[in-house]
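Engineer: As input, take coords-v4.cif (mmCIF, N, CA and C atoms):
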```
data_data
#
loop_
_atom_site.label_atom_id
_atom_site.label_comp_id
_atom_site.auth_asym_id
_atom_site.auth_seq_id
_atom_site.Cartn_x
_atom_site.Cartn_y
_atom_site.Cartn_z
N MET F 24 12.70 -28.28 2.71
CA MET F 24 11.48 -27.99 2.00
C MET F 24 10.74 -26.85 2.69
N HIS F 25 10.21 -25.94 1.90
CA HIS F 25 9.45 -24.82 2.43
C HIS F 25 8.00 -25.21 2.60
N TYR F 26 7.42 -24.73 3.64
CA TYR F 26 6.01 -24.97 3.89
C TYR F 26 5.29 -23.64 4.00
N PHE F 27 4.00 -23.66 3.73
CA PHE F 27 3.17 -22.48 3.93
C PHE F 27 3.13 -22.22 5.42
N ILE F 28 2.97 -21.18 5.90
CA ILE F 28 2.71 -19.84 5.46
C ILE F 28 4.02 -19.06 5.63
N HIS F 29 4.38 -18.33 4.60
CA HIS F 29 5.62 -17.56 4.57
C HIS F 29 5.32 -16.10 4.91
N SER F 30 4.63 -15.87 6.00
CA SER F 30 4.17 -14.51 6.30
C SER F 30 5.32 -13.53 6.51
N ALA F 31 6.44 -13.98 7.05
CA ALA F 31 7.57 -13.08 7.27
C ALA F 31 8.25 -12.69 5.96
N GLU F 32 8.13 -13.52 4.94
CA GLU F 32 8.78 -13.27 3.65
C GLU F 32 7.91 -12.50 2.67
N VAL F 33 6.65 -12.34 3.00
CA VAL F 33 5.70 -11.72 2.07
C VAL F 33 5.91 -10.22 2.01
N ASN F 34 5.94 -9.69 0.80
CA ASN F 34 5.93 -8.25 0.60
C ASN F 34 4.45 -7.84 0.56
N TYR F 35 3.95 -7.41 1.71
CA TYR F 35 2.53 -7.09 1.82
C TYR F 35 2.14 -5.90 0.95
N PHE F 36 3.07 -5.00 0.70
CA PHE F 36 2.77 -3.90 -0.20
C PHE F 36 2.51 -4.42 -1.62
N ALA F 37 3.32 -5.39 -2.06
CA ALA F 37 3.11 -6.00 -3.39
C ALA F 37 1.77 -6.72 -3.43
N VAL F 38 1.43 -7.41 -2.35
CA VAL F 38 0.13 -8.10 -2.28
C VAL F 38 -1.00 -7.08 -2.36
N LEU F 39 -0.87 -5.98 -1.65
CA LEU F 39 -1.88 -4.93 -1.68
C LEU F 39 -2.00 -4.31 -3.07
N VAL F 40 -0.86 -4.03 -3.71
CA VAL F 40 -0.89 -3.48 -5.07
C VAL F 40 -1.56 -4.46 -6.03
N CYS F 41 -1.24 -5.73 -5.91
CA CYS F 41 -1.87 -6.74 -6.79
C CYS F 41 -3.36 -6.89 -6.49
N THR F 42 -3.76 -6.67 -5.23
CA THR F 42 -5.18 -6.66 -4.89
C THR F 42 -5.87 -5.52 -5.63
N VAL F 43 -5.26 -4.36 -5.63
CA VAL F 43 -5.82 -3.20 -6.34
C VAL F 43 -5.86 -3.49 -7.84
N ILE F 44 -4.82 -4.10 -8.37
CA ILE F 44 -4.80 -4.47 -9.80
C ILE F 44 -5.95 -5.41 -10.12
N ALA F 45 -6.17 -6.42 -9.27
CA ALA F 45 -7.25 -7.38 -9.48
C ALA F 45 -8.61 -6.69 -9.47
N ILE F 46 -8.80 -5.77 -8.53
CA ILE F 46 -10.06 -5.04 -8.46
C ILE F 46 -10.23 -4.13 -9.68
N PHE F 47 -9.14 -3.51 -10.11
CA PHE F 47 -9.18 -2.65 -11.30
C PHE F 47 -9.55 -3.47 -12.54
N ILE F 48 -8.91 -4.63 -12.70
CA ILE F 48 -9.22 -5.48 -13.86
C ILE F 48 -10.69 -5.88 -13.84
N GLY F 49 -11.18 -6.30 -12.70
CA GLY F 49 -12.60 -6.69 -12.60
C GLY F 49 -13.53 -5.53 -12.87
N SER F 50 -13.19 -4.37 -12.35
CA SER F 50 -14.02 -3.18 -12.56
C SER F 50 -14.06 -2.79 -14.03
N MET F 51 -12.92 -2.83 -14.67
CA MET F 51 -12.88 -2.50 -16.10
C MET F 51 -13.56 -3.58 -16.94
N TRP F 52 -13.32 -4.84 -16.59
CA TRP F 52 -13.86 -5.98 -17.34
C TRP F 52 -15.38 -5.89 -17.43
N TYR F 53 -16.00 -5.57 -16.29
CA TYR F 53 -17.46 -5.53 -16.23
C TYR F 53 -18.02 -4.13 -16.39
N SER F 54 -17.20 -3.20 -16.85
CA SER F 54 -17.67 -1.85 -17.12
C SER F 54 -18.31 -1.80 -18.51
N PRO F 55 -19.09 -0.75 -18.79
CA PRO F 55 -19.66 -0.60 -20.13
C PRO F 55 -18.59 -0.46 -21.22
N LEU F 56 -17.37 -0.07 -20.83
CA LEU F 56 -16.29 0.07 -21.81
C LEU F 56 -15.87 -1.28 -22.40
N LEU F 57 -15.97 -2.34 -21.60
CA LEU F 57 -15.55 -3.66 -22.08
C LEU F 57 -16.75 -4.60 -22.18
N PHE F 58 -16.98 -5.40 -21.15
CA PHE F 58 -17.99 -6.46 -21.27
C PHE F 58 -19.20 -6.28 -20.38
N GLY F 59 -19.35 -5.14 -19.75
CA GLY F 59 -20.46 -4.92 -18.82
C GLY F 59 -21.83 -5.05 -19.44
N LYS F 60 -22.02 -4.43 -20.58
CA LYS F 60 -23.33 -4.50 -21.25
C LYS F 60 -23.63 -5.93 -21.70
N TYR F 61 -22.63 -6.60 -22.24
CA TYR F 61 -22.79 -8.00 -22.67
C TYR F 61 -23.15 -8.87 -21.47
N TRP F 62 -22.41 -8.70 -20.36
CA TRP F 62 -22.65 -9.49 -19.16
C TRP F 62 -24.06 -9.24 -18.62
N MET F 63 -24.48 -7.98 -18.57
CA MET F 63 -25.82 -7.65 -18.08
C MET F 63 -26.89 -8.29 -18.94
N ARG F 64 -26.70 -8.26 -20.25
CA ARG F 64 -27.67 -8.85 -21.17
C ARG F 64 -27.75 -10.36 -20.98
N LYS F 65 -26.59 -11.01 -20.90
CA LYS F 65 -26.56 -12.46 -20.73
C LYS F 65 -27.11 -12.91 -19.38
N MET F 66 -26.94 -12.09 -18.35
CA MET F 66 -27.43 -12.42 -17.02
C MET F 66 -28.89 -11.99 -16.82
N GLY F 67 -29.39 -11.18 -17.75
CA GLY F 67 -30.77 -10.70 -17.63
C GLY F 67 -30.92 -9.58 -16.61
N PHE F 68 -29.86 -8.81 -16.38
CA PHE F 68 -29.88 -7.72 -15.42
C PHE F 68 -30.16 -6.40 -16.12
N THR F 69 -30.73 -5.48 -15.37
CA THR F 69 -30.83 -4.10 -15.80
C THR F 69 -29.91 -3.28 -14.90
N LYS F 70 -29.72 -2.04 -15.27
CA LYS F 70 -28.85 -1.17 -14.47
C LYS F 70 -29.38 -1.03 -13.04
N ASP F 71 -30.70 -1.03 -12.89
CA ASP F 71 -31.32 -0.91 -11.56
C ASP F 71 -31.04 -2.13 -10.69
N ASP F 72 -30.78 -3.27 -11.30
CA ASP F 72 -30.50 -4.49 -10.54
C ASP F 72 -29.12 -4.47 -9.89
N LEU F 73 -28.28 -3.56 -10.29
CA LEU F 73 -26.88 -3.59 -9.88
C LEU F 73 -26.53 -2.53 -8.84
N GLU F 74 -27.36 -2.38 -7.85
CA GLU F 74 -27.10 -1.43 -6.76
C GLU F 74 -26.20 -2.11 -5.74
N ALA F 75 -24.91 -1.81 -5.77
CA ALA F 75 -23.94 -2.43 -4.86
C ALA F 75 -23.90 -1.67 -3.54
N LYS F 76 -23.74 -2.41 -2.45
CA LYS F 76 -23.60 -1.83 -1.12
C LYS F 76 -22.11 -1.75 -0.78
N GLY F 77 -21.78 -0.95 0.20
CA GLY F 77 -20.39 -0.85 0.65
C GLY F 77 -19.84 -2.19 1.08
N SER F 78 -20.67 -3.01 1.72
CA SER F 78 -20.21 -4.33 2.17
C SER F 78 -19.86 -5.23 0.99
N ASP F 79 -20.50 -5.03 -0.15
CA ASP F 79 -20.16 -5.82 -1.34
C ASP F 79 -18.73 -5.53 -1.78
N TYR F 80 -18.35 -4.27 -1.75
CA TYR F 80 -17.00 -3.88 -2.13
C TYR F 80 -15.96 -4.38 -1.13
N ILE F 81 -16.30 -4.30 0.15
CA ILE F 81 -15.39 -4.78 1.19
C ILE F 81 -15.16 -6.28 1.05
N LEU F 82 -16.22 -7.03 0.82
CA LEU F 82 -16.11 -8.47 0.65
C LEU F 82 -15.28 -8.81 -0.59
N SER F 83 -15.50 -8.08 -1.67
CA SER F 83 -14.73 -8.30 -2.89
C SER F 83 -13.25 -7.99 -2.69
N MET F 84 -12.96 -6.90 -1.98
CA MET F 84 -11.56 -6.56 -1.71
C MET F 84 -10.90 -7.61 -0.82
N ALA F 85 -11.62 -8.07 0.18
CA ALA F 85 -11.07 -9.10 1.06
C ALA F 85 -10.78 -10.38 0.29
N ALA F 86 -11.70 -10.77 -0.58
CA ALA F 86 -11.49 -11.98 -1.39
C ALA F 86 -10.28 -11.82 -2.31
N SER F 87 -10.14 -10.65 -2.91
CA SER F 87 -8.99 -10.41 -3.78
C SER F 87 -7.69 -10.43 -2.99
N PHE F 88 -7.70 -9.85 -1.81
CA PHE F 88 -6.49 -9.86 -0.98
C PHE F 88 -6.11 -11.29 -0.60
N ILE F 89 -7.07 -12.08 -0.21
CA ILE F 89 -6.80 -13.48 0.16
C ILE F 89 -6.24 -14.23 -1.04
N THR F 90 -6.83 -14.02 -2.22
CA THR F 90 -6.33 -14.68 -3.43
C THR F 90 -4.88 -14.30 -3.69
N MET F 91 -4.54 -13.01 -3.59
CA MET F 91 -3.17 -12.58 -3.83
C MET F 91 -2.22 -13.12 -2.76
N PHE F 92 -2.68 -13.18 -1.53
CA PHE F 92 -1.85 -13.72 -0.45
C PHE F 92 -1.55 -15.20 -0.68
N ILE F 93 -2.55 -15.96 -1.10
CA ILE F 93 -2.34 -17.39 -1.37
C ILE F 93 -1.46 -17.56 -2.61
N LEU F 94 -1.67 -16.74 -3.62
CA LEU F 94 -0.83 -16.80 -4.82
C LEU F 94 0.64 -16.58 -4.46
N VAL F 95 0.93 -15.59 -3.64
CA VAL F 95 2.33 -15.34 -3.27
C VAL F 95 2.87 -16.47 -2.41
N GLN F 96 2.02 -17.16 -1.67
CA GLN F 96 2.48 -18.32 -0.91
C GLN F 96 3.01 -19.42 -1.83
N PHE F 97 2.28 -19.69 -2.90
CA PHE F 97 2.75 -20.66 -3.89
C PHE F 97 4.06 -20.20 -4.53
N ILE F 98 4.14 -18.93 -4.85
CA ILE F 98 5.34 -18.37 -5.47
C ILE F 98 6.53 -18.52 -4.55
N LEU F 99 6.37 -18.20 -3.27
CA LEU F 99 7.46 -18.32 -2.31
C LEU F 99 7.82 -19.79 -2.05
N ALA F 100 6.82 -20.64 -1.93
CA ALA F 100 7.08 -22.05 -1.64
C ALA F 100 7.85 -22.72 -2.79
N LEU F 101 7.58 -22.27 -4.01
CA LEU F 101 8.24 -22.87 -5.17
C LEU F 101 9.53 -22.14 -5.55
N GLY F 102 9.86 -21.08 -4.83
CA GLY F 102 11.10 -20.35 -5.10
C GLY F 102 11.09 -19.66 -6.45
N THR F 103 9.95 -19.22 -6.88
CA THR F 103 9.80 -18.58 -8.20
C THR F 103 10.40 -17.19 -8.18
N ASP F 104 11.18 -16.88 -9.23
CA ASP F 104 11.88 -15.59 -9.23
C ASP F 104 11.82 -14.87 -10.58
N SER F 105 10.91 -15.28 -11.45
CA SER F 105 10.80 -14.58 -12.73
C SER F 105 9.32 -14.33 -13.05
N PHE F 106 9.09 -13.31 -13.87
CA PHE F 106 7.72 -12.99 -14.27
C PHE F 106 7.08 -14.19 -14.96
N HIS F 107 7.79 -14.80 -15.86
CA HIS F 107 7.25 -15.93 -16.62
C HIS F 107 6.82 -17.07 -15.69
N LYS F 108 7.69 -17.42 -14.75
CA LYS F 108 7.36 -18.53 -13.83
C LYS F 108 6.20 -18.15 -12.91
N GLY F 109 6.15 -16.90 -12.45
CA GLY F 109 5.04 -16.45 -11.63
C GLY F 109 3.74 -16.46 -12.41
N ALA F 110 3.80 -16.05 -13.67
CA ALA F 110 2.62 -16.10 -14.53
C ALA F 110 2.14 -17.54 -14.73
N MET F 111 3.09 -18.46 -14.84
CA MET F 111 2.72 -19.87 -14.98
C MET F 111 2.04 -20.40 -13.71
N ILE F 112 2.51 -19.98 -12.55
CA ILE F 112 1.85 -20.38 -11.31
C ILE F 112 0.43 -19.81 -11.29
N GLY F 113 0.28 -18.56 -11.70
CA GLY F 113 -1.05 -17.97 -11.81
C GLY F 113 -1.93 -18.75 -12.76
N PHE F 114 -1.38 -19.16 -13.89
CA PHE F 114 -2.13 -19.97 -14.85
C PHE F 114 -2.59 -21.28 -14.23
N PHE F 115 -1.67 -21.97 -13.56
CA PHE F 115 -2.04 -23.27 -12.98
C PHE F 115 -3.00 -23.12 -11.80
N MET F 116 -2.90 -22.02 -11.05
CA MET F 116 -3.90 -21.78 -10.01
C MET F 116 -5.27 -21.56 -10.64
N TRP F 117 -5.30 -20.80 -11.74
CA TRP F 117 -6.57 -20.59 -12.44
C TRP F 117 -7.12 -21.92 -12.95
N LEU F 118 -6.27 -22.67 -13.63
CA LEU F 118 -6.73 -23.93 -14.22
C LEU F 118 -7.20 -24.92 -13.15
N GLY F 119 -6.44 -25.04 -12.08
CA GLY F 119 -6.75 -26.03 -11.06
C GLY F 119 -7.84 -25.64 -10.09
N PHE F 120 -8.00 -24.34 -9.83
CA PHE F 120 -8.94 -23.93 -8.79
C PHE F 120 -10.12 -23.11 -9.31
N VAL F 121 -9.90 -22.25 -10.28
CA VAL F 121 -10.97 -21.38 -10.74
C VAL F 121 -11.76 -22.03 -11.88
N ALA F 122 -11.06 -22.38 -12.95
CA ALA F 122 -11.76 -22.93 -14.13
C ALA F 122 -12.52 -24.20 -13.79
N THR F 123 -11.93 -25.02 -12.94
CA THR F 123 -12.58 -26.29 -12.60
C THR F 123 -13.75 -26.11 -11.63
N SER F 124 -13.59 -25.23 -10.65
CA SER F 124 -14.67 -25.08 -9.66
C SER F 124 -15.84 -24.28 -10.20
N THR F 125 -15.61 -23.36 -11.12
CA THR F 125 -16.71 -22.54 -11.64
C THR F 125 -17.52 -23.25 -12.72
N ILE F 126 -17.04 -24.37 -13.22
CA ILE F 126 -17.83 -25.10 -14.22
C ILE F 126 -19.12 -25.64 -13.60
N SER F 127 -19.12 -25.84 -12.29
CA SER F 127 -20.34 -26.31 -11.63
C SER F 127 -21.47 -25.29 -11.74
N GLN F 128 -21.14 -24.01 -11.90
CA GLN F 128 -22.18 -23.00 -12.10
C GLN F 128 -22.91 -23.21 -13.42
N VAL F 129 -22.21 -23.74 -14.39
CA VAL F 129 -22.85 -24.05 -15.67
C VAL F 129 -23.64 -25.35 -15.54
N VAL F 130 -23.02 -26.35 -14.96
CA VAL F 130 -23.63 -27.67 -14.88
C VAL F 130 -24.84 -27.69 -13.94
N TRP F 131 -24.71 -27.10 -12.76
CA TRP F 131 -25.74 -27.25 -11.73
C TRP F 131 -26.61 -26.03 -11.52
N GLU F 132 -26.11 -24.84 -11.85
CA GLU F 132 -26.88 -23.63 -11.59
C GLU F 132 -27.51 -23.04 -12.84
N GLY F 133 -27.25 -23.65 -13.98
CA GLY F 133 -27.86 -23.19 -15.22
C GLY F 133 -27.27 -21.92 -15.80
N LYS F 134 -26.09 -21.52 -15.34
CA LYS F 134 -25.45 -20.34 -15.93
C LYS F 134 -25.04 -20.66 -17.37
N LYS F 135 -25.03 -19.65 -18.17
CA LYS F 135 -24.65 -19.83 -19.58
C LYS F 135 -23.14 -20.04 -19.70
N MET F 136 -22.75 -20.83 -20.68
CA MET F 136 -21.33 -21.09 -20.93
C MET F 136 -20.61 -19.79 -21.29
N SER F 137 -21.31 -18.87 -21.93
CA SER F 137 -20.69 -17.58 -22.28
C SER F 137 -20.30 -16.80 -21.02
N ILE F 138 -21.09 -16.91 -19.96
CA ILE F 138 -20.77 -16.26 -18.69
C ILE F 138 -19.56 -16.94 -18.05
N TYR F 139 -19.52 -18.26 -18.14
CA TYR F 139 -18.38 -19.01 -17.64
C TYR F 139 -17.09 -18.54 -18.31
N PHE F 140 -17.11 -18.44 -19.64
CA PHE F 140 -15.91 -18.00 -20.37
C PHE F 140 -15.56 -16.55 -20.04
N LEU F 141 -16.55 -15.70 -19.93
CA LEU F 141 -16.30 -14.29 -19.62
C LEU F 141 -15.65 -14.15 -18.25
N TYR F 142 -16.21 -14.80 -17.26
CA TYR F 142 -15.66 -14.73 -15.90
C TYR F 142 -14.27 -15.35 -15.84
N ASN F 143 -14.10 -16.50 -16.47
CA ASN F 143 -12.83 -17.20 -16.40
C ASN F 143 -11.73 -16.48 -17.16
N ALA F 144 -12.06 -15.81 -18.25
CA ALA F 144 -11.05 -15.04 -18.97
C ALA F 144 -10.53 -13.91 -18.09
N MET F 145 -11.43 -13.26 -17.35
CA MET F 145 -11.01 -12.20 -16.43
C MET F 145 -10.14 -12.74 -15.31
N GLN F 146 -10.53 -13.88 -14.76
CA GLN F 146 -9.75 -14.49 -13.69
C GLN F 146 -8.38 -14.95 -14.20
N LEU F 147 -8.35 -15.50 -15.40
CA LEU F 147 -7.09 -15.94 -15.99
C LEU F 147 -6.14 -14.75 -16.17
N LEU F 148 -6.64 -13.68 -16.75
CA LEU F 148 -5.83 -12.48 -16.93
C LEU F 148 -5.30 -11.97 -15.59
N THR F 149 -6.16 -11.91 -14.60
CA THR F 149 -5.79 -11.41 -13.28
C THR F 149 -4.71 -12.27 -12.64
N LEU F 150 -4.91 -13.58 -12.63
CA LEU F 150 -3.95 -14.46 -11.95
C LEU F 150 -2.62 -14.55 -12.68
N VAL F 151 -2.63 -14.54 -13.99
CA VAL F 151 -1.39 -14.59 -14.75
C VAL F 151 -0.60 -13.29 -14.55
N LEU F 152 -1.26 -12.17 -14.67
CA LEU F 152 -0.58 -10.88 -14.51
C LEU F 152 -0.06 -10.70 -13.08
N THR F 153 -0.90 -10.92 -12.10
CA THR F 153 -0.47 -10.72 -10.72
C THR F 153 0.52 -11.79 -10.27
N GLY F 154 0.42 -12.99 -10.80
CA GLY F 154 1.43 -14.01 -10.51
C GLY F 154 2.81 -13.57 -10.97
N GLY F 155 2.86 -13.02 -12.17
CA GLY F 155 4.13 -12.51 -12.68
C GLY F 155 4.67 -11.37 -11.85
N ILE F 156 3.79 -10.44 -11.50
CA ILE F 156 4.22 -9.29 -10.69
C ILE F 156 4.72 -9.74 -9.33
N LEU F 157 3.97 -10.60 -8.67
CA LEU F 157 4.36 -11.04 -7.33
C LEU F 157 5.66 -11.83 -7.34
N ALA F 158 5.93 -12.54 -8.43
CA ALA F 158 7.17 -13.32 -8.50
C ALA F 158 8.40 -12.44 -8.55
N VAL F 159 8.30 -11.32 -9.20
CA VAL F 159 9.47 -10.43 -9.31
C VAL F 159 9.50 -9.36 -8.22
N TRP F 160 8.38 -9.19 -7.51
CA TRP F 160 8.29 -8.12 -6.52
C TRP F 160 7.85 -8.68 -5.17
N LYS F 161 8.44 -9.80 -4.80
CA LYS F 161 8.01 -10.44 -3.56
C LYS F 161 8.74 -9.97 -2.34
#
```
Could you take the file, read its structure, and then write that structure out as structure tokens?
Structural biologist:
Amino acid sequence: MHYFIHSAEVNYFAVLVCTVIAIFIGSMWYSPLLFGKYWMRKMGFTKDDLEAKGSDYILSMAASFITMFILVQFILALGTDSFHKGAMIGFFMWLGFVATSTISQVVWEGKKMSIYFLYNAMQLLTLVLTGGILAVWK
């Protein structure tokens, strides 16, 4: 039986590329081209409210890298070798860890359900796509 951590087996370049993909998806998702204006309206933000610092980007990149690293750990531990199976692992990671834990933001923090769906759709897309990529490019 394989156990975590498979650091010697990890293709760190693939993890880095998937980190960039995750950041790109998030950047596009919340851009004015897609859902940025909708998200700002639902959150009650103005453009002036969204002044990001360099540390915000670094923290976001680190979080994305950790997510991709853990995703590839599941892929390696389960011996996944196809895009479809990797995408399914991404789906189950989303369902088990993201969709379930972020519902508390609706229940306890008063966030709108529309924000929950918007955020979770982006996370689902990211984890399914990168899960598939990491499975075939590990």
Engineer: Extract, using only N, CA and C atoms, all DNA, RNA and protein residues at most 8 Å from stretch 56-65 of chain F, discarding same-chain residues fewer than 6 positions from it, and format them as an NGL selection string.
Structural biologist: :F and (50 or 135 or 137-138 or 141)
Engineer: Got a sec: who's within 7 Å of stretch 85-94 of chain F, counting only N, CA and C atoms, leaving out chain neighbours fewer than 3 positions off, as a PyMOL selection string?
Structural biologist: chain F and resi 38-39+41-42+45-46+80-82+97-99+154
Engineer: Quick one: distance from atom C of F:Ser78 to atom C of F:Val121 in Å, one decimal?
Structural biologist: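 Atom-to-atom, atom C of F:Ser78 and atom C of F:Val121 are spaced 22.7 Å apart.
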Engineer: Measuring atom to atom with only N, CA and C atoms, identify which of F:Gln146, F:Ser54, F:Gln96, F:Thr69 is nearest to F:Ser30.
Structural biologist: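 Of the candidates, the smallest distance to F:Ser30 is held by F:Gln96.
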Engineer: To one decimal place, how far is atom CA of F:Ile156 from atom CA of F:Gly109 in Å?
Structural biologist: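 Value for the atom CA of F:Ile156-atom CA of F:Gly109 distance: 7.3 Å.
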Engineer: One decimal, in Å: what's the spacing between atom C of F:Asp79 and atom CA of F:Gly49?
Structural biologist: 12.5 Å
Engineer: Using only N, CA and C atoms, which residues sit within 5 Å of stretch 149-151 of chain F once same-chain residues fewer than 3 positions away are excluded, as a list of chain:residue names?
Structural biologist: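 Result of the neighbour search: F:Ala110, F:Gly113, F:Phe114, F:Met145, F:Gln146, F:Gly154, F:Gly155.
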Engineer: Taking all atoms of stretch 53-70 of chain F that the file lists and extending 5 Å past them on each side, where is the centre of the axis-aligned box and how long are its edges? Answer in Å to one decimal, as JSON.
Structural biologist:
```
{"center_x": -23.2, "center_y": -6.4, "center_z": -17.9, "size_x": 25.4, "size_y": 23.0, "size_z": 19.6}
```
Engineer: So, counting only N, CA and C atoms, which residue among F:Gly77, F:Thr153, F:Thr125, F:Asp72 is closest to F:Ile44?
Structural biologist: F:Thr153
Engineer: With DSSP run on the backbone, what are the helix (DSSP H, G or I) residues within chain F? I'd like them as JSON, numbers by chain.
Structural biologist: {"F": [35, 36, 37, 38, 39, 40, 41, 42, 43, 44, 45, 46, 47, 48, 49, 50, 51, 52, 59, 60, 61, 62, 63, 64, 65, 66, 70, 71, 72, 77, 78, 79, 80, 81, 82, 83, 84, 85, 86, 87, 88, 89, 90, 91, 92, 93, 94, 95, 96, 97, 98, 99, 100, 106, 107, 108, 109, 110, 111, 112, 113, 114, 115, 116, 117, 118, 119, 120, 121, 122, 123, 124, 125, 126, 127, 128, 129, 130, 136, 137, 138, 139, 140, 141, 142, 143, 144, 145, 146, 147, 148, 149, 150, 151, 152, 153, 154, 155, 156, 157, 158, 159]}
